[in-house]
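So this block is model02.cif, mmCIF, C-alpha atoms (C1' of nucleotides):
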```
data_run
loop_
_atom_site.label_atom_id
_atom_site.label_comp_id
_atom_site.auth_asym_id
_atom_site.auth_seq_id
_atom_site.Cartn_x
_atom_site.Cartn_y
_atom_site.Cartn_z
CA MET A 1 2.72 12.93 34.78
CA ASP A 2 0.26 14.84 36.92
CA ALA A 3 -2.82 13.02 35.63
CA ALA A 4 -4.94 14.70 38.32
CA ASN A 5 -4.63 18.01 36.49
CA PRO A 6 -7.30 18.14 33.77
CA ILE A 7 -5.30 20.69 31.78
CA ILE A 8 -2.31 18.34 31.60
CA ARG A 9 -4.61 15.49 30.63
CA ALA A 10 -6.17 17.57 27.85
CA LEU A 11 -2.72 18.62 26.64
CA ASP A 12 -1.53 15.03 26.56
CA ALA A 13 -4.72 13.73 24.93
CA ALA A 14 -4.37 16.30 22.13
CA GLY A 15 -0.85 15.10 21.41
CA TYR A 16 1.00 18.17 22.72
CA ARG A 17 4.23 17.68 24.64
CA VAL A 18 3.89 17.81 28.37
CA THR A 19 6.82 20.04 29.27
CA SER A 20 7.71 21.32 32.69
CA PRO A 21 6.72 24.98 32.05
CA ARG A 22 3.34 23.78 30.78
CA ARG A 23 2.92 21.53 33.80
CA SER A 24 3.75 24.38 36.20
CA LEU A 25 1.42 26.79 34.44
CA ALA A 26 -1.40 24.23 34.44
CA ASP A 27 -0.96 23.74 38.19
CA LEU A 28 -0.96 27.50 38.75
CA VAL A 29 -4.12 27.97 36.70
CA ILE A 30 -5.93 25.28 38.71
CA ASP A 31 -4.66 26.69 42.02
CA LEU A 32 -5.62 30.27 41.17
CA ASP A 33 -9.30 29.23 41.38
CA GLY A 34 -11.09 32.15 39.80
CA HIS A 35 -10.26 34.52 37.00
CA PHE A 36 -6.79 35.96 36.55
CA THR A 37 -4.94 38.20 34.15
CA ALA A 38 -1.83 37.11 32.26
CA SER A 39 0.31 39.28 34.50
CA GLU A 40 -1.25 37.82 37.66
CA LEU A 41 -0.37 34.37 36.34
CA ALA A 42 3.19 35.51 35.68
CA ALA A 43 3.43 36.99 39.18
CA ALA A 44 2.10 33.78 40.75
CA GLY A 45 4.74 31.86 38.82
CA ARG A 46 7.50 34.17 40.01
CA GLN A 47 6.28 33.77 43.59
CA ARG A 48 6.79 30.02 43.27
CA GLY A 49 10.26 30.56 41.92
CA LEU A 50 9.40 29.56 38.35
CA ARG A 51 11.35 31.22 35.58
CA ILE A 52 8.89 31.23 32.70
CA GLY A 53 9.16 33.63 29.78
CA ARG A 54 6.31 35.89 28.78
CA ALA A 55 6.09 34.30 25.35
CA THR A 56 5.82 30.84 26.88
CA LEU A 57 3.08 32.00 29.21
CA PHE A 58 1.02 33.48 26.39
CA ARG A 59 1.64 30.45 24.19
CA ALA A 60 0.47 28.14 26.99
CA LEU A 61 -2.66 30.24 27.59
CA GLU A 62 -3.41 30.21 23.87
CA LEU A 63 -3.06 26.45 23.84
CA MET A 64 -5.34 26.01 26.84
CA ILE A 65 -7.96 28.22 25.19
CA GLU A 66 -7.69 26.15 22.01
CA LEU A 67 -8.22 22.98 24.06
CA GLY A 68 -11.22 24.57 25.77
CA VAL A 69 -9.82 24.13 29.29
CA VAL A 70 -9.31 27.86 29.77
CA GLU A 71 -11.55 30.64 28.55
CA ARG A 72 -10.88 34.31 28.06
CA LEU A 73 -13.31 36.74 29.66
CA ASP A 74 -13.64 40.44 28.98
CA MET A 75 -14.39 42.33 32.15
CA PRO A 76 -16.61 45.41 32.02
CA SER A 77 -13.46 47.46 32.63
CA GLY A 78 -12.06 46.23 29.31
CA GLU A 79 -9.48 44.05 31.04
CA HIS A 80 -8.81 40.59 29.60
CA THR A 81 -8.88 37.82 32.17
CA TYR A 82 -8.65 34.05 31.92
CA VAL A 83 -10.46 31.32 33.81
CA ALA A 84 -10.08 27.53 33.97
CA CYS A 85 -13.21 25.66 32.91
CA ALA A 86 -14.68 22.45 31.56
CA PRO A 87 -14.34 21.98 27.78
CA ALA A 88 -18.08 22.20 27.01
CA HIS A 89 -20.19 25.14 25.88
CA HIS A 90 -21.19 27.22 28.90
CA HIS A 91 -21.00 30.73 30.29
CA HIS A 92 -19.34 32.39 33.23
CA VAL A 93 -20.75 34.37 36.13
CA VAL A 94 -18.11 36.57 37.73
CA CYS A 95 -18.35 38.06 41.19
CA SER A 96 -17.43 41.70 40.79
CA ARG A 97 -16.26 41.92 44.39
CA CYS A 98 -14.08 38.85 45.06
CA GLY A 99 -13.48 37.57 41.53
CA ARG A 100 -14.95 34.12 42.16
CA THR A 101 -16.41 32.60 39.00
CA ALA A 102 -19.03 29.93 38.34
CA GLU A 103 -19.89 28.09 35.16
CA VAL A 104 -23.52 27.93 34.11
CA ALA A 105 -25.16 25.90 31.38
CA ASP A 106 -26.72 27.43 28.31
CA ALA A 107 -30.23 26.66 29.60
CA GLY A 108 -32.90 28.97 28.19
CA LEU A 109 -30.47 30.95 26.09
CA ALA A 110 -30.84 28.83 22.97
CA GLY A 111 -34.45 29.94 22.64
CA ALA A 112 -33.50 33.58 23.09
CA VAL A 113 -30.83 33.23 20.40
CA ARG A 114 -33.37 31.74 18.00
CA ASP A 115 -35.65 34.73 18.68
CA ILE A 116 -32.78 37.08 17.92
CA GLU A 117 -32.05 35.26 14.65
CA ARG A 118 -35.64 35.74 13.56
CA GLN A 119 -35.67 39.35 14.70
CA SER A 120 -32.37 40.39 13.08
CA GLY A 121 -32.25 38.23 9.96
CA PHE A 122 -28.71 37.12 10.90
CA ARG A 123 -27.65 33.49 11.04
CA ILE A 124 -25.96 33.29 14.43
CA ASP A 125 -22.96 30.97 14.59
CA ALA A 126 -21.47 31.90 17.93
CA HIS A 127 -22.38 33.88 20.98
CA ARG A 128 -20.76 34.98 24.16
CA LEU A 129 -22.58 35.72 27.36
CA GLU A 130 -20.81 37.10 30.40
CA LEU A 131 -22.60 37.79 33.65
CA PHE A 132 -21.42 40.02 36.49
CA GLY A 133 -22.78 40.32 40.01
CA LEU A 134 -22.23 39.19 43.58
CA CYS A 135 -21.60 35.61 44.67
CA ARG A 136 -23.38 33.92 47.59
CA HIS A 137 -20.42 34.73 49.85
CA CYS A 138 -20.21 38.44 49.10
CA LEU A 139 -23.99 38.77 49.17
CA ALA A 140 -24.05 37.32 52.69
CA ARG A 141 -21.25 39.59 53.82
CA ALA A 142 -22.97 42.63 52.29
CA SER A 143 -26.25 41.89 54.08
CA ASP A 144 -24.37 41.31 57.39
CA LYS A 145 -22.98 44.81 57.23
CA ARG A 146 -26.30 46.41 56.38
CA PRO A 147 -28.22 46.62 59.74
CA MET B 148 -25.09 72.76 16.06
CA ASP B 149 -25.56 69.57 14.11
CA ALA B 150 -28.76 68.60 15.91
CA ALA B 151 -29.27 65.76 13.42
CA ASN B 152 -26.40 63.87 15.00
CA PRO B 153 -27.71 61.95 18.04
CA ILE B 154 -24.24 61.82 19.59
CA ILE B 155 -23.94 65.61 19.54
CA ARG B 156 -27.44 65.90 20.96
CA ALA B 157 -26.58 63.50 23.80
CA LEU B 158 -23.33 65.37 24.49
CA ASP B 159 -25.17 68.69 24.64
CA ALA B 160 -28.02 67.31 26.73
CA ALA B 161 -25.55 65.97 29.30
CA GLY B 162 -23.97 69.40 29.64
CA TYR B 163 -20.67 68.61 27.91
CA ARG B 164 -19.12 71.20 25.65
CA VAL B 165 -19.76 70.69 21.96
CA THR B 166 -16.30 71.27 20.54
CA SER B 167 -15.22 70.89 16.95
CA PRO B 168 -13.13 67.71 17.49
CA ARG B 169 -16.10 66.10 19.26
CA ARG B 170 -18.41 67.16 16.48
CA SER B 171 -16.09 65.73 13.81
CA LEU B 172 -15.66 62.47 15.69
CA ALA B 173 -19.41 62.14 16.23
CA ASP B 174 -19.98 62.59 12.50
CA LEU B 175 -17.30 60.02 11.70
CA VAL B 176 -18.80 57.49 14.10
CA ILE B 177 -22.24 57.88 12.52
CA ASP B 178 -20.80 57.70 9.00
CA LEU B 179 -18.72 54.60 9.73
CA ASP B 180 -21.98 52.62 10.07
CA GLY B 181 -20.85 49.37 11.67
CA HIS B 182 -18.19 48.52 14.18
CA PHE B 183 -14.75 50.12 14.07
CA THR B 184 -11.55 50.07 16.08
CA ALA B 185 -10.00 53.16 17.61
CA SER B 186 -7.28 53.15 14.97
CA GLU B 187 -9.81 52.84 12.16
CA LEU B 188 -11.57 55.89 13.55
CA ALA B 189 -8.25 57.75 13.69
CA ALA B 190 -7.49 56.74 10.10
CA ALA B 191 -10.93 57.88 8.93
CA GLY B 192 -10.30 61.20 10.63
CA ARG B 193 -6.93 61.60 8.95
CA GLN B 194 -8.53 60.81 5.58
CA ARG B 195 -10.88 63.76 6.09
CA GLY B 196 -7.98 65.97 6.94
CA LEU B 197 -8.83 66.22 10.63
CA ARG B 198 -5.92 66.67 13.04
CA ILE B 199 -7.17 65.00 16.19
CA GLY B 200 -4.83 63.74 18.90
CA ARG B 201 -4.96 60.16 20.10
CA ALA B 202 -5.81 61.24 23.63
CA THR B 203 -8.73 63.32 22.35
CA LEU B 204 -10.02 60.41 20.33
CA PHE B 205 -9.95 58.03 23.29
CA ARG B 206 -11.44 60.66 25.57
CA ALA B 207 -14.29 61.23 23.11
CA LEU B 208 -14.93 57.48 22.78
CA GLU B 209 -14.97 57.12 26.56
CA LEU B 210 -17.47 59.95 26.80
CA MET B 211 -19.71 58.43 24.14
CA ILE B 212 -19.62 55.10 25.98
CA GLU B 213 -20.52 56.85 29.22
CA LEU B 214 -23.47 58.52 27.48
CA GLY B 215 -24.54 55.15 26.05
CA VAL B 216 -24.43 56.29 22.43
CA VAL B 217 -21.41 54.11 21.63
CA GLU B 218 -20.73 50.64 22.95
CA ARG B 219 -17.52 48.67 23.12
CA LEU B 220 -17.59 45.16 21.69
CA ASP B 221 -15.02 42.43 22.19
CA MET B 222 -14.59 40.43 19.03
CA PRO B 223 -13.81 36.70 19.25
CA SER B 224 -10.28 37.59 18.12
CA GLY B 225 -9.80 39.62 21.29
CA GLU B 226 -9.91 42.89 19.36
CA HIS B 227 -11.78 45.83 20.91
CA THR B 228 -14.19 47.53 18.56
CA TYR B 229 -16.76 50.26 19.02
CA VAL B 230 -20.21 50.70 17.56
CA ALA B 231 -22.75 53.55 17.60
CA CYS B 232 -26.06 52.59 19.17
CA ALA B 233 -29.20 53.77 20.92
CA PRO B 234 -28.81 54.53 24.65
CA ALA B 235 -31.07 51.69 25.87
CA HIS B 236 -30.20 48.20 27.08
CA HIS B 237 -29.76 45.90 24.09
CA HIS B 238 -27.26 43.57 22.49
CA HIS B 239 -25.31 43.49 19.27
CA VAL B 240 -25.19 40.95 16.48
CA VAL B 241 -22.04 41.30 14.42
CA CYS B 242 -21.58 39.91 10.92
CA SER B 243 -18.25 38.15 10.98
CA ARG B 244 -17.81 38.64 7.23
CA CYS B 245 -18.68 42.28 6.47
CA GLY B 246 -18.73 43.78 9.95
CA ARG B 247 -22.32 45.01 9.75
CA THR B 248 -23.97 45.16 13.16
CA ALA B 249 -27.58 45.11 14.33
CA GLU B 250 -29.08 45.90 17.69
CA VAL B 251 -31.48 43.42 19.22
CA ALA B 252 -33.71 43.76 22.25
CA ASP B 253 -33.23 41.73 25.40
CA ALA B 254 -36.32 39.63 24.65
CA GLY B 255 -36.21 36.18 26.21
CA LEU B 256 -32.86 36.74 27.87
CA ALA B 257 -34.26 38.08 31.15
CA GLY B 258 -35.81 34.68 31.90
CA ALA B 259 -32.56 32.89 31.13
CA VAL B 260 -30.68 35.26 33.44
CA ARG B 261 -33.15 34.53 36.25
CA ASP B 262 -32.58 30.79 35.72
CA ILE B 263 -28.84 31.37 35.93
CA GLU B 264 -29.24 33.33 39.20
CA ARG B 265 -31.15 30.43 40.72
CA GLN B 266 -28.65 27.90 39.38
CA SER B 267 -25.49 29.72 40.49
CA GLY B 268 -26.58 31.47 43.69
CA PHE B 269 -25.15 34.74 42.34
CA ARG B 270 -27.11 37.98 42.26
CA ILE B 271 -26.58 39.15 38.70
CA ASP B 272 -26.31 42.91 38.27
CA ALA B 273 -25.08 43.16 34.71
CA HIS B 274 -24.63 40.97 31.69
CA ARG B 275 -23.18 41.24 28.26
CA LEU B 276 -24.27 39.20 25.28
CA GLU B 277 -22.47 39.38 21.98
CA LEU B 278 -23.60 37.42 18.96
CA PHE B 279 -21.56 36.61 15.87
CA GLY B 280 -22.74 35.21 12.56
CA LEU B 281 -23.67 36.17 9.02
CA CYS B 282 -26.01 39.00 8.07
CA ARG B 283 -28.84 38.66 5.53
CA HIS B 284 -26.58 40.16 2.84
CA CYS B 285 -23.62 37.82 3.33
CA LEU B 286 -25.91 34.82 3.75
CA ALA B 287 -27.50 35.56 0.35
CA ARG B 288 -24.11 36.01 -1.27
CA ALA B 289 -22.85 32.77 0.30
CA SER B 290 -25.83 30.77 -0.97
CA ASP B 291 -25.47 32.33 -4.44
CA LYS B 292 -21.96 30.96 -4.72
CA ARG B 293 -22.91 27.50 -3.50
CA PRO B 294 -24.56 25.78 -6.53
"C1'" DG C 295 20.45 5.88 23.88
"C1'" DT C 296 19.65 8.77 19.94
"C1'" DG C 297 17.84 12.02 16.82
"C1'" DA C 298 14.02 14.68 14.93
"C1'" DT C 299 11.41 18.26 16.09
"C1'" DG C 300 8.34 20.66 19.16
"C1'" DT C 301 9.07 23.92 22.78
"C1'" DT C 302 11.61 27.23 25.46
"C1'" DG C 303 13.41 31.93 27.21
"C1'" DA C 304 15.38 36.33 26.12
"C1'" DG C 305 14.63 40.33 24.34
"C1'" DA C 306 13.18 43.41 20.77
"C1'" DC C 307 9.03 44.96 18.88
"C1'" DT C 308 4.07 46.54 18.14
"C1'" DG C 309 0.01 48.83 19.07
"C1'" DA C 310 -3.83 50.15 22.18
"C1'" DG C 311 -4.70 52.99 25.68
"C1'" DT C 312 -3.18 56.48 29.55
"C1'" DC C 313 -1.04 60.52 31.59
"C1'" DT C 314 0.78 65.11 31.86
"C1'" DC C 315 1.07 69.74 30.77
"C1'" DG C 316 0.94 74.11 28.63
"C1'" DA C 317 -2.17 76.25 25.20
"C1'" DC C 318 -6.60 77.15 23.54
"C1'" DA C 319 -11.60 77.94 22.97
"C1'" DA C 320 -16.57 77.48 24.53
"C1'" DG C 321 -19.84 79.71 26.74
"C1'" DA C 322 -21.71 82.14 31.00
"C1'" DG C 323 -22.05 86.51 32.97
"C1'" DA C 324 -21.17 91.49 32.93
"C1'" DT D 325 -19.39 92.59 22.59
"C1'" DC D 326 -15.89 91.68 25.96
"C1'" DT D 327 -13.82 89.12 29.63
"C1'" DC D 328 -12.86 85.40 32.50
"C1'" DT D 329 -13.34 80.75 34.11
"C1'" DT D 330 -12.61 76.31 33.24
"C1'" DG D 331 -13.38 72.38 30.33
"C1'" DT D 332 -11.03 70.55 26.46
"C1'" DC D 333 -7.30 70.24 23.24
"C1'" DG D 334 -2.87 68.17 20.95
"C1'" DA D 335 1.78 66.57 21.49
"C1'" DG D 336 4.47 63.39 23.05
"C1'" DA D 337 6.26 60.39 26.52
"C1'" DC D 338 4.86 56.43 28.86
"C1'" DT D 339 2.84 51.78 30.21
"C1'" DC D 340 1.50 47.34 29.46
"C1'" DA D 341 -0.51 43.27 27.05
"C1'" DG D 342 0.57 40.53 23.57
"C1'" DT D 343 3.61 38.99 19.34
"C1'" DC D 344 7.73 37.64 16.83
"C1'" DT D 345 12.30 35.79 16.09
"C1'" DC D 346 15.95 32.83 16.87
"C1'" DA D 347 19.38 29.98 18.90
"C1'" DA D 348 19.37 26.56 22.55
"C1'" DC D 349 17.16 22.92 24.83
"C1'" DA D 350 14.08 18.95 26.25
"C1'" DT D 351 10.66 15.54 25.08
"C1'" DC D 352 9.46 11.31 23.38
"C1'" DA D 353 9.07 7.89 19.48
"C1'" DC D 354 11.92 4.57 17.74
#
```
Turn this file's structure into structure tokens for me.
Amino acid sequence: MDAANPIIRALDAAGYRVTSPRRSLADLVIDLDGHFTASELAAAGRQRGLRIGRATLFRALELMIELGVVERLDMPSGEHTYVACAPAHHHHVVCSRCGRTAEVADAGLAGAVRDIERQSGFRIDAHRLELFGLCRHCLARASDKRP
Amino acid sequence: MDAANPIIRALDAAGYRVTSPRRSLADLVIDLDGHFTASELAAAGRQRGLRIGRATLFRALELMIELGVVERLDMPSGEHTYVACAPAHHHHVVCSRCGRTAEVADAGLAGAVRDIERQSGFRIDAHRLELFGLCRHCLARASDKRP
DNA sequence: GTGATGTTGAGACTGAGTCTCGACAAGAGA
DNA sequence: TCTCTTGTCGAGACTCAGTCTCAACATCAC
């Protein structure tokens, strides 16, 4: 078993069978390093010579989301993408140029959510924050080009 | 012209033609009062005897989003829904029981976003916060039932 | 090694959203 | 009021993400 892959470990710990399609997909997800769509994942699998059915791919993604090791993001374009992450509450910052993602802690958000509860009269059970911008890398490259 | 409808007003102000399908859809959106999916909007139109093509409906929604009078929300289920709103930066709280929505101001979020910029090294250009919970109404009903 | 059962892949299906194209209607200008 | 330009319309075919079903297969506890 590929114990180095946290997705496989999570799968195993939760009592799910560690099958070879799941192992391959977990490796792919880790290797993709950044956000990816379901079809990008399928294409990456095909490139490695894997023959994995669409249903299996979606089932595996669903499972990973359930285990908290993958999260679904909704891009401003309306596209659904997925990203590997640690199974704790956090948010994602996505670079709109290169697609790199970073996880950030909740930090000051809890206070803002409490304000919103007071303001709206709702009891807030869940929230989702997605942030879009430029990563360090792309920022540097952008300022290089600007004289 | 139905100047009472803010969507129509925005359409007109932006120089778009105020056609009868757009007028009908704008009225529907205002009347729906809460979030709705594209197919719910189509169904509501059919119920009123309107004959509006799917393409027209999506085009009108896209236009309303562009004008900032409608916003697209991504529900935790992955479903895309739309909601009428004021054309200023704000966020939505959605009641996960009855579907009622409320707009809330950015409030303390700006500070949290600045923290996240510092923490991640990204320059954040846009963000999206969606909040899910129970509205005043459903909260009251829930506590009524619990003895 | 064996058997129960969880998982797989193929392929049909669904439903949201897009694209194309000829027809139509809003609205500016005469 | 009439005419003409052009933005918008509806129909319908299309695409693509995601779901469902089912027989076959592989995992893993015993």
Given all atoms listed in the file as the counted atoms, nearest of D:DC354, D:DA341, D:DA348, D:DC333 to chain A: D:DA341
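Those residues returned by the PyMOL selection byres ((chain C) within 12 of (chain A)) for this file are DT299, DG300, DT301, DT302, DG303, DA304, DG305, DA310 and DG311 of chain C.
Counting from C1' of DT308 (chain C), the distance to C1' of DT339 (chain D) is 13.2 Å.
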Chain and number of each residue from the PyMOL selection byres ((chain B) within 7 of (chain A)), as a PyMOL selection string: chain B and resi 249+251+254-256+259+263+267-283
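CA of Ala191 (chain B) lies 22.3 Å from CA of Ala157 (chain B).
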The PyMOL selection byres ((chain B and resi 229) around 10) applied to the shown file, residues as a list in words: Val176, Gly181, His182, Phe183, Thr184, Ala185, Leu188, Leu208, Ile212, Val217, Glu218, Arg219, Leu220, Asp221, His227, Thr228, Val230, Ala231 and Cys232 of chain B
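We find CA of Asn5 (chain A) and CA of Arg23 (chain A) to be spaced 8.8 Å apart.
Using only C-alpha atoms (C1' of nucleotides) for every distance, the candidate list D:DC328, D:DA337, D:DC352, D:DC346 yields D:DC352 as the residue closest to chain A.
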Residues within 12 Å of (3.2, 28.8, 43.9), counting only C-alpha atoms (C1' of nucleotides), listed as a list of chain:residue names: A:Ser24, A:Leu25, A:Ala26, A:Asp27, A:Leu28, A:Val29, A:Ile30, A:Asp31, A:Leu32, A:Glu40, A:Leu41, A:Ala42, A:Ala43, A:Ala44, A:Gly45, A:Arg46, A:Gln47, A:Arg48, A:Gly49, A:Leu50, A:Arg51
Please report, as a tab-separated table, each residue of chain D lying at most 12 Å from chain A, together with the nearest pair of atoms and the separation in Å rounded to one decimal; use all atoms listed in the file, and order rows by chain and ascending residue number.
```
residue	atom	partner	partner_atom	distance
D:DC340	C1'	A:Ser39	CA	9.6
D:DA341	C1'	A:Ala38	CA	8.2
D:DG342	C1'	A:Phe58	CA	7.6
D:DT343	C1'	A:Ala55	CA	8.0
D:DC344	C1'	A:Ala55	CA	9.3
D:DT345	C1'	A:Ala55	CA	11.2
D:DC349	C1'	A:Thr19	CA	11.6
D:DA350	C1'	A:Thr19	CA	7.9
D:DT351	C1'	A:Arg17	CA	6.8
D:DC352	C1'	A:Arg17	CA	8.3
```
